[in-house]
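**Q** Data: model_22.pdb, PDB, C-alpha atoms and all ligand atoms.
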```pdb
ATOM      1  CA  MET A   1      77.027 158.531 155.074
ATOM      2  CA  LYS A   2      73.426 158.129 156.245
ATOM      3  CA  GLU A   3      72.780 155.629 159.001
ATOM      4  CA  LYS A   4      70.321 152.729 158.559
ATOM      5  CA  ILE A   5      71.434 152.343 154.963
ATOM      6  CA  ASN A   6      70.550 148.654 155.228
ATOM      7  CA  HIS A   7      66.903 149.319 155.930
ATOM      8  CA  ASP A   8      64.359 149.092 153.191
ATOM      9  CA  ASP A   9      62.540 152.266 154.301
ATOM     10  CA  THR A  10      65.617 154.398 153.556
ATOM     11  CA  LEU A  11      65.693 153.294 149.907
ATOM     12  CA  PRO A  12      64.305 155.935 147.570
ATOM     13  CA  LYS A  13      61.614 154.248 145.460
ATOM     14  CA  ASP A  14      62.713 156.155 142.357
ATOM     15  CA  HIS A  15      66.254 154.804 142.588
ATOM     16  CA  PRO A  16      67.005 153.199 139.200
ATOM     17  CA  ARG A  17      68.160 150.031 140.968
ATOM     18  CA  TYR A  18      65.361 150.022 143.607
ATOM     19  CA  GLU A  19      64.187 146.423 143.034
ATOM     20  CA  SER A  20      67.697 145.040 143.121
ATOM     21  CA  LEU A  21      68.597 146.989 146.277
ATOM     22  CA  LYS A  22      65.368 145.901 147.973
ATOM     23  CA  TYR A  23      66.256 142.219 147.616
ATOM     24  CA  ARG A  24      69.878 142.860 148.510
ATOM     25  CA  HIS A  25      68.698 144.370 151.784
ATOM     26  CA  LYS A  26      66.383 141.443 152.461
ATOM     27  CA  ILE A  27      69.410 139.173 152.216
ATOM     28  CA  ILE A  28      71.423 141.413 154.566
ATOM     29  CA  GLU A  29      68.587 141.564 157.108
ATOM     30  CA  GLY A  30      68.168 137.792 156.734
ATOM     31  CA  MET A  31      71.832 137.332 157.574
ATOM     32  CA  LYS A  32      71.487 139.410 160.734
ATOM     33  CA  GLU A  33      68.660 137.089 161.808
ATOM     34  CA  ILE A  34      70.842 134.042 160.879
ATOM     35  CA  VAL A  35      68.225 132.943 158.339
ATOM     36  CA  VAL A  36      70.849 133.560 155.630
ATOM     37  CA  ALA A  37      74.362 132.103 155.885
ATOM     38  CA  GLU A  38      77.279 134.525 155.478
ATOM     39  CA  ALA A  39      78.058 132.762 152.190
ATOM     40  CA  GLY A  40      74.471 133.495 151.144
ATOM     41  CA  LEU A  41      75.527 137.102 150.500
ATOM     42  CA  ILE A  42      78.187 135.936 148.097
ATOM     43  CA  ALA A  43      75.754 133.541 146.409
ATOM     44  CA  HIS A  44      73.289 136.419 145.984
ATOM     45  CA  GLY A  45      75.980 138.578 144.388
ATOM     46  CA  ARG A  46      76.843 135.807 141.956
ATOM     47  CA  GLY A  47      73.166 135.536 141.098
ATOM     48  CA  GLU A  48      72.902 139.307 140.509
ATOM     49  CA  CYS A  49      75.788 139.116 138.085
ATOM     50  CA  PHE A  50      74.110 136.422 135.985
ATOM     51  CA  ASP A  51      70.806 138.286 136.205
ATOM     52  CA  TYR A  52      72.433 141.297 134.519
ATOM     53  CA  MET A  53      73.456 139.069 131.660
ATOM     54  CA  LEU A  54      69.856 137.904 131.292
ATOM     55  CA  GLY A  55      68.554 141.470 131.179
ATOM     56  CA  GLU A  56      66.988 141.064 134.671
ATOM     57  CA  LYS A  57      63.722 139.749 133.280
ATOM     58  CA  THR A  58      62.053 136.420 132.674
ATOM     59  CA  ASN A  59      62.618 135.366 129.074
ATOM     60  CA  GLU A  60      60.416 133.001 127.080
ATOM     61  CA  ILE A  61      62.872 130.119 127.546
ATOM     62  CA  ALA A  62      62.637 130.375 131.337
ATOM     63  CA  GLU A  63      58.874 130.845 131.024
ATOM     64  CA  LYS A  64      58.624 127.473 129.267
ATOM     65  CA  ALA A  65      60.792 125.756 131.891
ATOM     66  CA  ILE A  66      58.611 127.276 134.626
ATOM     67  CA  LYS A  67      55.488 125.828 132.995
ATOM     68  CA  VAL A  68      56.974 122.347 132.668
ATOM     69  CA  ALA A  69      58.293 122.489 136.235
ATOM     70  CA  VAL A  70      54.808 123.229 137.520
ATOM     71  CA  ALA A  71      53.420 120.376 135.408
ATOM     72  CA  LEU A  72      55.978 118.002 136.942
ATOM     73  CA  LEU A  73      55.094 119.109 140.477
ATOM     74  CA  LEU A  74      51.406 118.548 139.728
ATOM     75  CA  ILE A  75      51.892 114.992 138.402
ATOM     76  CA  SER A  76      54.344 113.917 141.125
ATOM     77  CA  GLU A  77      53.223 111.563 143.886
ATOM     78  CA  LYS A  78      55.434 113.078 146.578
ATOM     79  CA  PRO A  79      56.801 116.461 145.530
ATOM     80  CA  ILE A  80      58.868 118.483 148.012
ATOM     81  CA  LEU A  81      59.985 122.113 147.932
ATOM     82  CA  SER A  82      63.439 122.411 149.507
ATOM     83  CA  VAL A  83      64.070 125.696 151.328
ATOM     84  CA  ASN A  84      67.436 127.254 152.164
ATOM     85  CA  GLY A  85      68.332 130.490 153.886
ATOM     86  CA  ASN A  86      68.366 132.719 150.810
ATOM     87  CA  THR A  87      64.932 131.655 149.588
ATOM     88  CA  ALA A  88      63.436 131.959 153.082
ATOM     89  CA  ALA A  89      64.728 135.545 153.282
ATOM     90  CA  LEU A  90      63.786 136.588 149.746
ATOM     91  CA  VAL A  91      60.413 134.966 149.092
ATOM     92  CA  PRO A  92      58.884 133.368 152.225
ATOM     93  CA  GLU A  93      55.230 134.148 151.400
ATOM     94  CA  GLU A  94      55.616 132.922 147.827
ATOM     95  CA  LEU A  95      57.132 129.631 149.022
ATOM     96  CA  VAL A  96      54.101 129.089 151.230
ATOM     97  CA  ALA A  97      51.696 129.977 148.417
ATOM     98  CA  LEU A  98      53.384 127.612 145.945
ATOM     99  CA  SER A  99      53.441 124.847 148.546
ATOM    100  CA  ASN A 100      49.687 125.235 148.978
ATOM    101  CA  VAL A 101      48.776 125.434 145.294
ATOM    102  CA  VAL A 102      50.798 122.369 144.192
ATOM    103  CA  SER A 103      50.277 120.437 147.472
ATOM    104  CA  ALA A 104      53.998 120.011 148.110
ATOM    105  CA  PRO A 105      55.360 120.447 151.638
ATOM    106  CA  LEU A 106      58.250 122.812 152.356
ATOM    107  CA  GLU A 107      61.360 121.132 153.782
ATOM    108  CA  ILE A 108      64.136 123.182 155.350
ATOM    109  CA  ASN A 109      67.446 121.838 154.095
ATOM    110  CA  ILE A 110      70.549 123.955 154.582
ATOM    111  CA  PHE A 111      74.174 123.679 153.571
ATOM    112  CA  TYR A 112      75.606 125.750 156.432
ATOM    113  CA  GLY A 113      74.405 124.039 159.586
ATOM    114  CA  LYS A 114      75.154 126.830 162.067
ATOM    115  CA  GLU A 115      73.320 126.390 165.358
ATOM    116  CA  GLY A 116      69.966 128.191 165.437
ATOM    117  CA  ARG A 117      69.541 128.544 161.666
ATOM    118  CA  VAL A 118      66.839 125.884 161.279
ATOM    119  CA  LYS A 119      64.835 127.565 164.045
ATOM    120  CA  ALA A 120      65.341 131.015 162.481
ATOM    121  CA  ILE A 121      64.179 129.758 159.065
ATOM    122  CA  THR A 122      61.256 127.900 160.666
ATOM    123  CA  ASP A 123      60.158 131.117 162.381
ATOM    124  CA  ALA A 124      60.447 133.100 159.135
ATOM    125  CA  LEU A 125      58.308 130.571 157.256
ATOM    126  CA  ILE A 126      55.706 130.312 160.010
ATOM    127  CA  LYS A 127      55.484 134.105 160.039
ATOM    128  CA  ALA A 128      54.834 133.875 156.286
ATOM    129  CA  GLY A 129      51.919 131.486 156.922
ATOM    130  CA  ALA A 130      53.525 128.024 156.645
ATOM    131  CA  THR A 131      51.672 125.203 158.372
ATOM    132  CA  ASN A 132      53.101 122.146 156.632
ATOM    133  CA  LEU A 133      56.838 122.293 157.404
ATOM    134  CA  LEU A 134      59.365 119.471 157.264
ATOM    135  CA  GLY A 135      63.026 119.412 158.259
ATOM    136  CA  THR A 136      62.358 121.285 161.505
ATOM    137  CA  ASP A 137      63.089 118.530 164.037
ATOM    138  CA  GLU A 138      66.814 117.916 163.808
ATOM    139  CA  SER A 139      66.620 114.843 166.069
ATOM    140  CA  LYS A 140      64.399 113.039 163.521
ATOM    141  CA  MET A 141      66.580 113.544 160.450
ATOM    142  CA  VAL A 142      67.930 110.656 158.398
ATOM    143  CA  GLU A 143      70.916 110.740 156.090
ATOM    144  CA  ILE A 144      71.382 110.501 152.346
ATOM    145  CA  GLU A 145      74.560 108.446 152.116
ATOM    146  CA  GLU A 146      75.517 109.745 148.676
ATOM    147  CA  LEU A 147      76.122 113.206 150.178
ATOM    148  CA  SER A 148      78.804 114.378 152.586
ATOM    149  CA  SER A 149      77.636 117.964 153.193
ATOM    150  CA  ASN A 150      75.129 119.061 155.811
ATOM    151  CA  ARG A 151      72.444 118.699 153.125
ATOM    152  CA  ARG A 152      72.653 114.916 153.605
ATOM    153  CA  ARG A 153      70.414 115.339 156.686
ATOM    154  CA  VAL A 154      66.868 115.083 155.368
ATOM    155  CA  ASP A 155      63.393 114.554 156.749
ATOM    156  CA  PRO A 156      62.257 110.896 156.599
ATOM    157  CA  ASN A 157      58.820 112.099 155.473
ATOM    158  CA  GLY A 158      60.131 114.578 152.953
ATOM    159  CA  ILE A 159      63.140 114.569 150.627
ATOM    160  CA  LYS A 160      64.007 111.010 151.676
ATOM    161  CA  ILE A 161      60.834 109.594 150.129
ATOM    162  CA  ALA A 162      60.122 112.323 147.562
ATOM    163  CA  ASP A 163      59.866 111.522 143.866
ATOM    164  CA  THR A 164      60.414 115.167 142.824
ATOM    165  CA  VAL A 165      62.485 117.779 144.638
ATOM    166  CA  PHE A 166      62.377 121.496 143.860
ATOM    167  CA  VAL A 167      65.811 122.972 144.634
ATOM    168  CA  PRO A 168      66.133 126.724 144.322
ATOM    169  CA  LEU A 169      69.632 128.311 144.625
ATOM    170  CA  GLU A 170      71.647 125.242 145.220
ATOM    171  CA  ASP A 171      75.323 124.500 145.782
ATOM    172  CA  GLY A 172      76.865 121.883 143.532
ATOM    173  CA  ASP A 173      76.681 118.391 144.989
ATOM    174  CA  ARG A 174      73.122 117.633 145.984
ATOM    175  CA  THR A 175      71.339 117.522 142.652
ATOM    176  CA  GLU A 176      73.740 114.852 141.426
ATOM    177  CA  ALA A 177      73.100 112.804 144.585
ATOM    178  CA  LEU A 178      69.323 113.191 144.282
ATOM    179  CA  LYS A 179      69.468 112.139 140.637
ATOM    180  CA  LYS A 180      71.475 109.045 141.541
ATOM    181  CA  LEU A 181      68.708 108.160 144.004
ATOM    182  CA  GLY A 182      66.248 108.207 141.101
ATOM    183  CA  LYS A 183      64.499 111.444 141.996
ATOM    184  CA  LYS A 184      63.414 114.145 139.573
ATOM    185  CA  VAL A 185      64.992 117.522 140.263
ATOM    186  CA  ILE A 186      63.738 120.974 139.362
ATOM    187  CA  ALA A 187      66.411 123.643 139.845
ATOM    188  CA  VAL A 188      66.157 127.419 139.876
ATOM    189  CA  ASP A 189      69.583 128.849 139.181
ATOM    190  CA  LEU A 190      70.641 132.059 137.486
ATOM    191  CA  ASN A 191      73.889 130.355 136.516
ATOM    192  CA  PRO A 192      72.988 128.127 133.539
ATOM    193  CA  ILE A 193      76.239 126.185 133.713
ATOM    194  CA  SER A 194      76.386 125.409 137.429
ATOM    195  CA  ARG A 195      76.610 121.699 138.312
ATOM    196  CA  THR A 196      73.072 121.927 139.654
ATOM    197  CA  ALA A 197      71.769 123.488 136.441
ATOM    198  CA  ILE A 198      73.390 120.801 134.324
ATOM    199  CA  TRP A 199      72.315 117.829 136.460
ATOM    200  CA  ALA A 200      68.692 118.853 136.973
ATOM    201  CA  ASP A 201      65.787 117.477 134.915
ATOM    202  CA  ILE A 202      64.309 120.938 134.565
ATOM    203  CA  THR A 203      66.457 124.033 135.089
ATOM    204  CA  ILE A 204      64.745 127.374 135.415
ATOM    205  CA  VAL A 205      67.415 129.954 134.630
ATOM    206  CA  ASP A 206      65.809 132.972 136.241
ATOM    207  CA  ASN A 207      65.680 134.879 139.508
ATOM    208  CA  ILE A 208      63.737 133.118 142.251
ATOM    209  CA  VAL A 209      61.977 136.399 143.079
ATOM    210  CA  ARG A 210      60.404 136.401 139.591
ATOM    211  CA  VAL A 211      60.026 132.632 139.271
ATOM    212  CA  LEU A 212      57.813 131.912 142.267
ATOM    213  CA  PRO A 213      54.994 134.390 141.486
ATOM    214  CA  LYS A 214      54.875 132.954 137.963
ATOM    215  CA  MET A 215      54.812 129.375 139.218
ATOM    216  CA  ILE A 216      51.932 130.183 141.567
ATOM    217  CA  LYS A 217      49.915 131.755 138.740
ATOM    218  CA  ILE A 218      50.645 128.949 136.259
ATOM    219  CA  ALA A 219      49.817 126.266 138.846
ATOM    220  CA  GLY A 220      46.339 127.761 139.136
ATOM    221  CA  GLU A 221      45.913 127.408 135.361
ATOM    222  CA  LEU A 222      47.521 123.965 134.867
ATOM    223  CA  LYS A 223      45.535 122.391 137.678
ATOM    224  CA  ASN A 224      42.597 122.251 135.258
ATOM    225  CA  LEU A 225      44.474 120.166 132.674
ATOM    226  CA  ASN A 226      44.311 116.395 132.813
ATOM    227  CA  LYS A 227      47.364 114.455 133.988
ATOM    228  CA  GLU A 228      48.059 113.031 130.529
ATOM    229  CA  GLU A 229      48.510 116.522 129.086
ATOM    230  CA  LEU A 230      50.827 117.447 131.958
ATOM    231  CA  ARG A 231      52.832 114.217 131.503
ATOM    232  CA  LYS A 232      53.263 114.987 127.810
ATOM    233  CA  MET A 233      54.617 118.469 128.608
ATOM    234  CA  VAL A 234      57.206 116.934 130.935
ATOM    235  CA  LYS A 235      58.126 114.139 128.525
ATOM    236  CA  ASP A 236      58.671 116.565 125.628
ATOM    237  CA  PHE A 237      60.985 118.828 127.627
ATOM    238  CA  ASP A 238      64.693 118.711 126.767
ATOM    239  CA  ASN A 239      66.828 120.300 129.491
ATOM    240  CA  LYS A 240      70.035 120.236 127.473
ATOM    241  CA  LYS A 241      68.322 122.278 124.760
ATOM    242  CA  ASN A 242      66.805 124.556 127.404
ATOM    243  CA  ILE A 243      70.262 125.430 128.762
ATOM    244  CA  GLN A 244      71.831 125.763 125.336
ATOM    245  CA  ASP A 245      69.017 128.126 124.304
ATOM    246  CA  ILE A 246      69.609 130.247 127.411
ATOM    247  CA  LEU A 247      73.342 130.443 126.661
ATOM    248  CA  GLU A 248      72.533 131.525 123.117
ATOM    249  CA  MET A 249      70.164 134.153 124.498
ATOM    250  CA  ILE A 250      72.845 135.506 126.850
ATOM    251  CA  LYS A 251      75.236 135.779 123.909
ATOM    252  CA  GLU A 252      72.615 137.712 121.913
ATOM    253  CA  HIS A 253      71.818 139.960 124.875
ATOM    254  CA  LEU A 254      75.503 140.817 125.381
ATOM    255  CA  GLU A 255      75.884 141.455 121.672
ATOM    256  CA  LYS A 256      72.988 143.959 121.815
ATOM    257  CA  GLN A 257      74.570 145.629 124.858
ATOM    258  CA  LYS A 258      77.643 146.506 122.809
ATOM    259  CA  GLU A 259      75.641 149.411 121.386
ATOM    260  CA  GLY A 260      72.454 149.474 123.455
ATOM    261  CA  ALA A 261      74.076 149.997 126.870
ATOM    262  CA  PHE A 262      75.366 153.413 125.774
ATOM    263  CA  LYS A 263      71.891 154.751 124.903
ATOM    264  CA  ILE A 264      71.506 156.076 128.476
ATOM    265  CA  LEU A 265      74.215 158.627 127.655
ATOM    266  CA  GLU A 266      72.262 160.154 124.767
TER     267      GLU A 266
HETATM  268  O1  LIG A 301      71.139 128.520 153.358
HETATM  269  P1  LIG A 301      72.147 127.477 153.007
HETATM  270  O2  LIG A 301      73.063 127.124 154.159
HETATM  271  O3  LIG A 301      71.514 126.227 152.446
HETATM  272  O4  LIG A 301      73.113 128.044 151.846
HETATM  273  C1  LIG A 301      72.536 128.561 150.657
HETATM  274  C2  LIG A 301      73.639 128.998 149.669
HETATM  275  C3  LIG A 301      72.924 129.696 148.503
HETATM  276  C4  LIG A 301      74.578 129.988 150.368
HETATM  277  C5  LIG A 301      74.423 127.751 149.201
HETATM  278  O5  LIG A 301      73.537 126.836 148.617
HETATM  279  C6  LIG A 301      75.536 128.131 148.243
HETATM  280  O6  LIG A 301      76.675 128.381 148.604
HETATM  281  O7  LIG A 301      75.165 128.155 146.948
HETATM  282  P2  LIG A 301      76.142 128.522 145.718
HETATM  283  O8  LIG A 301      77.107 127.420 145.482
HETATM  284  O9  LIG A 301      76.671 129.900 145.894
HETATM  285  O10 LIG A 301      75.114 128.500 144.541
HETATM  286  C7  LIG A 301      73.996 129.323 144.515
HETATM  287  C8  LIG A 301      73.540 129.485 143.072
HETATM  288  O11 LIG A 301      72.324 130.227 143.103
HETATM  289  C9  LIG A 301      74.525 130.270 142.185
HETATM  290  O12 LIG A 301      74.672 129.594 140.953
HETATM  291  C10 LIG A 301      73.836 131.622 141.956
HETATM  292  O13 LIG A 301      74.086 132.140 140.675
HETATM  293  C11 LIG A 301      72.382 131.249 142.110
HETATM  294  N1  LIG A 301      71.542 132.346 142.623
HETATM  295  C12 LIG A 301      71.869 133.290 143.544
HETATM  296  N2  LIG A 301      70.828 134.098 143.771
HETATM  297  C13 LIG A 301      69.805 133.658 142.989
HETATM  298  C14 LIG A 301      70.267 132.517 142.261
HETATM  299  N3  LIG A 301      69.473 131.850 141.423
HETATM  300  C15 LIG A 301      68.201 132.281 141.275
HETATM  301  N4  LIG A 301      67.700 133.350 141.941
HETATM  302  C16 LIG A 301      68.465 134.066 142.804
HETATM  303  N5  LIG A 301      67.963 135.133 143.453
END
```
Could the structure of this file be written out as structure tokens, please?

**A**
Amino acid sequence: MKEKINHDDTLPKDHPRYESLKYRHKIIEGMKEIVVAEAGLIAHGRGECFDYMLGEKTNEIAEKAIKVAVALLLISEKPILSVNGNTAALVPEELVALSNVVSAPLEINIFYGKEGRVKAITDALIKAGATNLLGTDESKMVEIEELSSNRRRVDPNGIKIADTVFVPLEDGDRTEALKKLGKKVIAVDLNPISRTAIWADITIVDNIVRVLPKMIKIAGELKNLNKEELRKMVKDFDNKKNIQDILEMIKEHLEKQKEGAFKILE
């Protein structure tokens, strides 16, 4: 076996799974730098599995949720973008760009509180151009009582006082706690029936690596609309229907695969 198999530069660009392998390797490299938790590899694999069932592309249902999510960020008084290890490894520059375009600070908030991880994630985001970072000074954190995991430790100027929190790739308990505190939650989760997906106000069922570039582009467009139009988009959105539509779409996609998947053999 070739050495350095984990390095991006050894991946042949014409490999049929190049994109997928590229992000897989980012996660592995991120784990070596302790940006990504060990469990982050498992979470990524679970995401890949759901992505297959979505055809590994952004569908029109997710596209609509993305648009409404951007509208909500733009009308919020104190929006915050929560960052964990996986997102910092996969899409650091895009997180910074979205933060700038919707004027929402990035807050590091991790589930696995291994020593040195906050610093490693801080460094990765600064390298990607971040200037407005919260959640970096562990001595200043306050607690969300409704939560028992490490995610209860939040920045007093960030998630604690936020009205809207963007939570990409989340484990199960926080969205429920944030909702009970009266906050709006936007989730990005490839699993449409995770607890996070179900509890969120707006669930984008798509891969974070495709979602962020779209959000950045759409934010540029929606910024020109007046707040009333944006409010109406948010008010008209039905997250239960959104998730049910995605589940229907997955069923249809799998049905098509019964025949379609074998076309590569012809
Ligand atoms: O960095 P930390 O310590 O905050 O930990 C982050 C992880 C992701 C390890 C932690 O939050 C965790 O254990 O999450 P779960 O419970 O595995 O849930 C992650 C969810 O994200 C799963 O439903 C996955 O399907 C989904 N997911 C994984 N990769 C992606 C994704 N969703 C969107 N885009 C992805 N690339």

**Q** List every residue of chain A that has an atom at most 8 Å from any atom of ligand LIG 301 (chain A), and for each one report the closest atom pair and its distance in Å to one decimal, counting only C-alpha atoms and all ligand atoms, with rows sorted by chain and then by increasing residue number, as JSON lines.

**A**
```
{"residue": "A:Val35", "atom": "CA", "partner": "A:LIG301", "partner_atom": "O1", "distance": 7.3}
{"residue": "A:Val36", "atom": "CA", "partner": "A:LIG301", "partner_atom": "O1", "distance": 5.5}
{"residue": "A:Ala37", "atom": "CA", "partner": "A:LIG301", "partner_atom": "O2", "distance": 5.4}
{"residue": "A:Glu38", "atom": "CA", "partner": "A:LIG301", "partner_atom": "C4", "distance": 7.3}
{"residue": "A:Ala39", "atom": "CA", "partner": "A:LIG301", "partner_atom": "C4", "distance": 4.8}
{"residue": "A:Gly40", "atom": "CA", "partner": "A:LIG301", "partner_atom": "C4", "distance": 3.6}
{"residue": "A:Leu41", "atom": "CA", "partner": "A:LIG301", "partner_atom": "C4", "distance": 7.2}
{"residue": "A:Ile42", "atom": "CA", "partner": "A:LIG301", "partner_atom": "O9", "distance": 6.6}
{"residue": "A:Ala43", "atom": "CA", "partner": "A:LIG301", "partner_atom": "O9", "distance": 3.8}
{"residue": "A:His44", "atom": "CA", "partner": "A:LIG301", "partner_atom": "N2", "distance": 4.0}
{"residue": "A:Gly45", "atom": "CA", "partner": "A:LIG301", "partner_atom": "C12", "distance": 6.8}
{"residue": "A:Arg46", "atom": "CA", "partner": "A:LIG301", "partner_atom": "O13", "distance": 4.8}
{"residue": "A:Gly47", "atom": "CA", "partner": "A:LIG301", "partner_atom": "O13", "distance": 3.5}
{"residue": "A:Glu48", "atom": "CA", "partner": "A:LIG301", "partner_atom": "N2", "distance": 6.5}
{"residue": "A:Cys49", "atom": "CA", "partner": "A:LIG301", "partner_atom": "O13", "distance": 7.6}
{"residue": "A:Phe50", "atom": "CA", "partner": "A:LIG301", "partner_atom": "O13", "distance": 6.4}
{"residue": "A:Val83", "atom": "CA", "partner": "A:LIG301", "partner_atom": "O3", "distance": 7.5}
{"residue": "A:Asn84", "atom": "CA", "partner": "A:LIG301", "partner_atom": "O1", "distance": 4.1}
{"residue": "A:Gly85", "atom": "CA", "partner": "A:LIG301", "partner_atom": "O1", "distance": 3.5}
{"residue": "A:Asn86", "atom": "CA", "partner": "A:LIG301", "partner_atom": "O1", "distance": 5.6}
{"residue": "A:Thr87", "atom": "CA", "partner": "A:LIG301", "partner_atom": "N5", "distance": 7.7}
{"residue": "A:Leu90", "atom": "CA", "partner": "A:LIG301", "partner_atom": "N5", "distance": 7.7}
{"residue": "A:Asn109", "atom": "CA", "partner": "A:LIG301", "partner_atom": "O3", "distance": 6.2}
{"residue": "A:Ile110", "atom": "CA", "partner": "A:LIG301", "partner_atom": "O3", "distance": 3.3}
{"residue": "A:Phe111", "atom": "CA", "partner": "A:LIG301", "partner_atom": "O2", "distance": 3.7}
{"residue": "A:Tyr112", "atom": "CA", "partner": "A:LIG301", "partner_atom": "O2", "distance": 3.7}
{"residue": "A:Gly113", "atom": "CA", "partner": "A:LIG301", "partner_atom": "O2", "distance": 6.4}
{"residue": "A:Arg151", "atom": "CA", "partner": "A:LIG301", "partner_atom": "O3", "distance": 7.6}
{"residue": "A:Pro168", "atom": "CA", "partner": "A:LIG301", "partner_atom": "C15", "distance": 6.7}
{"residue": "A:Leu169", "atom": "CA", "partner": "A:LIG301", "partner_atom": "O11", "distance": 3.6}
{"residue": "A:Glu170", "atom": "CA", "partner": "A:LIG301", "partner_atom": "O5", "distance": 4.2}
{"residue": "A:Asp171", "atom": "CA", "partner": "A:LIG301", "partner_atom": "O8", "distance": 3.4}
{"residue": "A:Gly172", "atom": "CA", "partner": "A:LIG301", "partner_atom": "O8", "distance": 5.9}
{"residue": "A:Val188", "atom": "CA", "partner": "A:LIG301", "partner_atom": "C15", "distance": 5.5}
{"residue": "A:Asp189", "atom": "CA", "partner": "A:LIG301", "partner_atom": "N3", "distance": 3.7}
{"residue": "A:Leu190", "atom": "CA", "partner": "A:LIG301", "partner_atom": "N3", "distance": 4.1}
{"residue": "A:Asn191", "atom": "CA", "partner": "A:LIG301", "partner_atom": "O13", "distance": 4.5}
{"residue": "A:Pro192", "atom": "CA", "partner": "A:LIG301", "partner_atom": "O12", "distance": 7.7}
{"residue": "A:Ser194", "atom": "CA", "partner": "A:LIG301", "partner_atom": "O12", "distance": 5.7}
{"residue": "A:Thr196", "atom": "CA", "partner": "A:LIG301", "partner_atom": "O12", "distance": 7.9}
{"residue": "A:Val205", "atom": "CA", "partner": "A:LIG301", "partner_atom": "C15", "distance": 7.1}
{"residue": "A:Asp206", "atom": "CA", "partner": "A:LIG301", "partner_atom": "C15", "distance": 5.6}
{"residue": "A:Asn207", "atom": "CA", "partner": "A:LIG301", "partner_atom": "N4", "distance": 3.5}
{"residue": "A:Ile208", "atom": "CA", "partner": "A:LIG301", "partner_atom": "N4", "distance": 4.0}
{"residue": "A:Val209", "atom": "CA", "partner": "A:LIG301", "partner_atom": "N5", "distance": 6.1}
```

**Q** With the PyMOL selection byres (((chain A and resi 164) around 8) and not hetatm) as the selection, what would be picked from this file? Answer as a PyMOL selection string, please.

**A** chain A and resi 72-73+76+78-80+162-163+165-166+183-186

**Q** Counting all atoms listed in the file, which of A:Tyr23, A:Glu252, A:Ile126, A:Pro156 gets nearest to Lys140 of chain A?

**A** A:Pro156

**Q** Run through the PyMOL selection byres (((chain A and resi 68) around 8) and not hetatm) on the given coordinates and return the selected residues as a list in words.

**A**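 Applying the expression gives Lys64, Ala65, Ile66, Lys67, Ala69, Val70, Ala71, Leu72, Ile202, Leu230, Met233, Val234 and Phe237 of chain A.
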
**Q** Quick one: which residues end up in the PyMOL selection byres (((chain A and resi 250) around 10) and not hetatm) for this structure, as a list in words?

**A**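 Those residues are Phe50, Asp51, Tyr52, Met53, Leu54, Gly55, Pro192, Gln244, Asp245, Ile246, Leu247, Glu248, Met249, Lys251, Glu252, His253, Leu254, Glu255 and Lys256 of chain A.
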
**Q** Mind giving me the straight-line distance from atom CA of Ile218 of chain A to atom CA of Leu74 of chain A in Å, one decimal?

**A** 11.0 Å

**Q** Name the closest residue to Lys160 of chain A among the candidates A:Ser103, A:Ser139, A:Ser82, A:Asn132; distances are taken between atoms, counting all atoms listed in the file.

**A**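 Smallest distance to Lys160 of chain A is found for A:Ser82.
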
**Q** Compare A:Glu29, A:Glu228, A:Glu77, A:Asp14 by their minimum atom-to-atom distance to Ile161 of chain A, counting all atoms listed in the file, and give me the closest one.

**A** A:Glu77
